[in-house]
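Engineer: I have a structure here, written as structure tokens, and I will follow up with some questions on it.
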Number of protein chains: 4
Amino acid sequence: MTQKILFRHCDPAGIVFYPRYFEMVNDAIEALFSDQIGWPFEHMHQTHAGPTVALEATFSAVSRHGDVLDMCVSVERLGKSSLQLRTEGWCDNQLRFTVVNTMVCIDANTKSTPWPKSVRKKLEQLMGPQE
Amino acid sequence: MTQKILFRHCDPAGIVFYPRYFEMVNDAIEALFSDQIGWPFEHMHQTHAGPTVALEATFSAVSRHGDVLDMCVSVERLGKSSLQLRTEGWCDNQLRFTVVNTMVCIDANTKSTPWPKSVRKKLEQLMGPQE
Amino acid sequence: MTQKILFRHCDPAGIVFYPRYFEMVNDAIEALFSDQIGWPFEHMHQTHAGPTVALEATFSAVSRHGDVLDMCVSVERLGKSSLQLRTEGWCDNQLRFTVVNTMVCIDANTKSTPWPKSVRKKLEQLMGPQE
Amino acid sequence: MTQKILFRHCDPAGIVFYPRYFEMVNDAIEALFSDQIGWPFEHMHQTHAGPTVALEATFSAVSRHGDVLDMCVSVERLGKSSLQLRTEGWCDNQLRFTVVNTMVCIDANTKSTPWPKSVRKKLEQLMGPQE
């Protein structure tokens, strides 16, 4: 997923205001669930939800208005009902940021619940072979 | 309601990015319903909603980071299930913006429905005597 | 330009929170300047700016999470240093919203200034033949 | 600093959308610099900036529309040109979130530079006696 840095992302210093990065990361994760996992958020939220319970971010270089970022989401760890996703933003072979989200699958009563089987299977495929 | 122009409101030109004004206006209207009308949005949304169906805005002078705006919401017109609110933003005796929102009261089935009586009464008081 | 309604656009009622529409409209206008007019905002803002000074919006039908909107920007009026753009959002042949922005071209001293000739020419082409 | 959870903070699940937390945290840090350190962001940004370079967040309990959060910012570590701030959000004696921001003081050329002496002194006072 590519994301051009738009006017609305930038702060008075002309660089990305970091809460906007988390909106981009959320969009990238939403696209992953929709395009690769086959469980779009708009379906998920009819019966479940996947809130972020913890997050670590490193902003290693600034991004400016007009930069085009390549965003890459990968599965870092898959638990029974938890999931750790790493999103990296790159521009011109330079790493701009890394965000690691820990999400939990919850049901309609906000209790944690295992990922549905078909979702789990896709997530495992995305992880690739583990040794 | 006063609102200081914060870092997050401003764009690369150092002035308020206009979609942020609409967040401020929404906050001011939310405060009006909570503090003066006695129907906080968090209660309203259990059974009703009040979506904005039309809006007119004029940005007459720019606002910069650090400016402190006085925001004043007044009732411009009250229909059976509609409501027109005017929000003005002032700083140092200078009008910065005017936003006129037209809202409609809807029920849980998203059909328009009359404003509850107690809400209507408060809105009428806010309008003041009409000739 | 198409825009899927994402999680971050929606409010507790599950529909688009209207300030988010103005971010989408700004993105669509930014894409117009970048892709069709050849004056990307990131270049424009080195010497000029194009603030919105007035705006009218009508939200004729709600949009929900997962809807895919077609957004269409057209030139409604072109003045010496002003510009009126109409952005319509459609989904399934239903008009969801219309936003008319009035922008002004300003220079580095925030004085209004004529649109650059090459920009004016492109804007005129976009207007099509006028009778 | 208290912050009521407003309509605009919440997602379709009726809870705070986590990127909005970072806007609140940024507001709280901006208030700290303005009210307690005496270096408001709007002054700082004339000659310096204080970008967040890393961040860790834990969301230990959800917050809903209408909740009133007490936000408390404390100095966790003070380096020559870096600063670690911990922001906690509490409601009804329940910890809702913890965000630890690592900021760096930079000059107009985006090079890291020591905190100004008066700022450093205030930050040390906020840390309290260290053993």
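Here, A, B, ... name the chains of the structure tokens in the order displayed, residue numbers run from 1 inside each chain, and ligands are numbered from 1 in the same displayed order.
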Name the residues in contact with B:Leu69 at a cut-off of 10 Å, using only C-alpha atoms, excluding same-chain residues fewer than 4 positions from it; report them as a ChimeraX atom specification.
Structural biologist: /B:1-5,63,88-96
Engineer: Based on the selection just made, write N, CA, C and O atoms of those residues as a short mmCIF file (atom, residue, chain, number, x, y, z; two decimals), in the first residue's frame.
Structural biologist:
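Done, and the output landed in part03.cif:
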```cif
data_model
loop_
_atom_site.label_atom_id
_atom_site.label_comp_id
_atom_site.auth_asym_id
_atom_site.auth_seq_id
_atom_site.Cartn_x
_atom_site.Cartn_y
_atom_site.Cartn_z
N MET B 1 -17.60 29.21 25.25
CA MET B 1 -16.53 28.21 25.17
C MET B 1 -15.31 28.82 24.47
O MET B 1 -15.44 29.38 23.39
N THR B 2 -14.18 28.70 25.12
CA THR B 2 -12.96 29.19 24.48
C THR B 2 -12.14 28.00 23.99
O THR B 2 -12.22 26.90 24.55
N GLN B 3 -11.41 28.23 22.96
CA GLN B 3 -10.60 27.15 22.36
C GLN B 3 -9.29 27.77 21.90
O GLN B 3 -9.29 28.63 21.02
N LYS B 4 -8.22 27.34 22.52
CA LYS B 4 -6.92 27.77 22.04
C LYS B 4 -6.57 27.00 20.77
O LYS B 4 -6.84 25.80 20.68
N ILE B 5 -6.00 27.72 19.81
CA ILE B 5 -5.56 27.04 18.59
C ILE B 5 -4.29 26.27 18.92
O ILE B 5 -3.26 26.85 19.27
N SER B 63 -6.67 32.06 11.48
CA SER B 63 -6.28 31.90 12.88
C SER B 63 -4.97 31.14 12.92
O SER B 63 -4.76 30.22 12.12
N GLU B 88 -19.98 31.24 15.91
CA GLU B 88 -19.01 32.26 15.50
C GLU B 88 -17.73 32.09 16.31
O GLU B 88 -17.78 31.79 17.50
N GLY B 89 -16.61 32.28 15.66
CA GLY B 89 -15.32 32.24 16.34
C GLY B 89 -14.69 33.62 16.31
O GLY B 89 -14.52 34.18 15.23
N TRP B 90 -14.38 34.16 17.50
CA TRP B 90 -13.84 35.51 17.60
C TRP B 90 -12.48 35.47 18.30
O TRP B 90 -12.25 34.67 19.20
N CYS B 91 -11.61 36.37 17.90
CA CYS B 91 -10.33 36.54 18.59
C CYS B 91 -9.95 38.00 18.51
O CYS B 91 -9.94 38.58 17.41
N ASP B 92 -9.69 38.61 19.65
CA ASP B 92 -9.31 40.04 19.68
C ASP B 92 -10.32 40.89 18.90
O ASP B 92 -9.93 41.74 18.07
N ASN B 93 -11.59 40.67 19.18
CA ASN B 93 -12.65 41.47 18.53
C ASN B 93 -12.68 41.35 17.01
O ASN B 93 -13.24 42.20 16.33
N GLN B 94 -12.07 40.30 16.51
CA GLN B 94 -12.12 40.06 15.06
C GLN B 94 -12.87 38.76 14.81
O GLN B 94 -12.55 37.74 15.42
N LEU B 95 -13.83 38.82 13.92
CA LEU B 95 -14.56 37.60 13.56
C LEU B 95 -13.65 36.75 12.68
O LEU B 95 -13.15 37.21 11.66
N ARG B 96 -13.43 35.53 13.10
CA ARG B 96 -12.57 34.63 12.33
C ARG B 96 -13.38 33.71 11.42
O ARG B 96 -13.00 33.44 10.31
#
```
Engineer: Taking only C-alpha atoms into account and nothing else, which residues of chain B lie no more than 10 Å away from chain D? Please answer as a PyMOL selection string.
Structural biologist: chain B and resi 5-9+14+23-24+26-27+30-31+34+40-43+45+64-67
Engineer: Expressed in Å to a single decimal, how great is the separation between atom CA of C:Asp107 and atom CA of D:Ala108?
Structural biologist: 23.0 Å
Engineer: Which value, in Å to one decimal, gives the distance between atom CA of A:Cys72 and atom CA of A:Ala28?
Structural biologist: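 Computed distance, atom CA of A:Cys72 to atom CA of A:Ala28, equals 7.9 Å.
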Engineer: So the first atom is atom CA of C:Phe22 and the second is atom CA of B:Tyr18; what is the distance between them in Å, to one decimal place?
Structural biologist: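 We find that atom CA of C:Phe22 and atom CA of B:Tyr18 lie 8.1 Å from each other.
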Engineer: Considering only C-alpha atoms, state which residue in the set B:Ser118, B:Asn101, B:Gln125, B:Gln36 is at the smallest distance from C:Ala57.
Structural biologist: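 The closest residue to C:Ala57 is B:Asn101.
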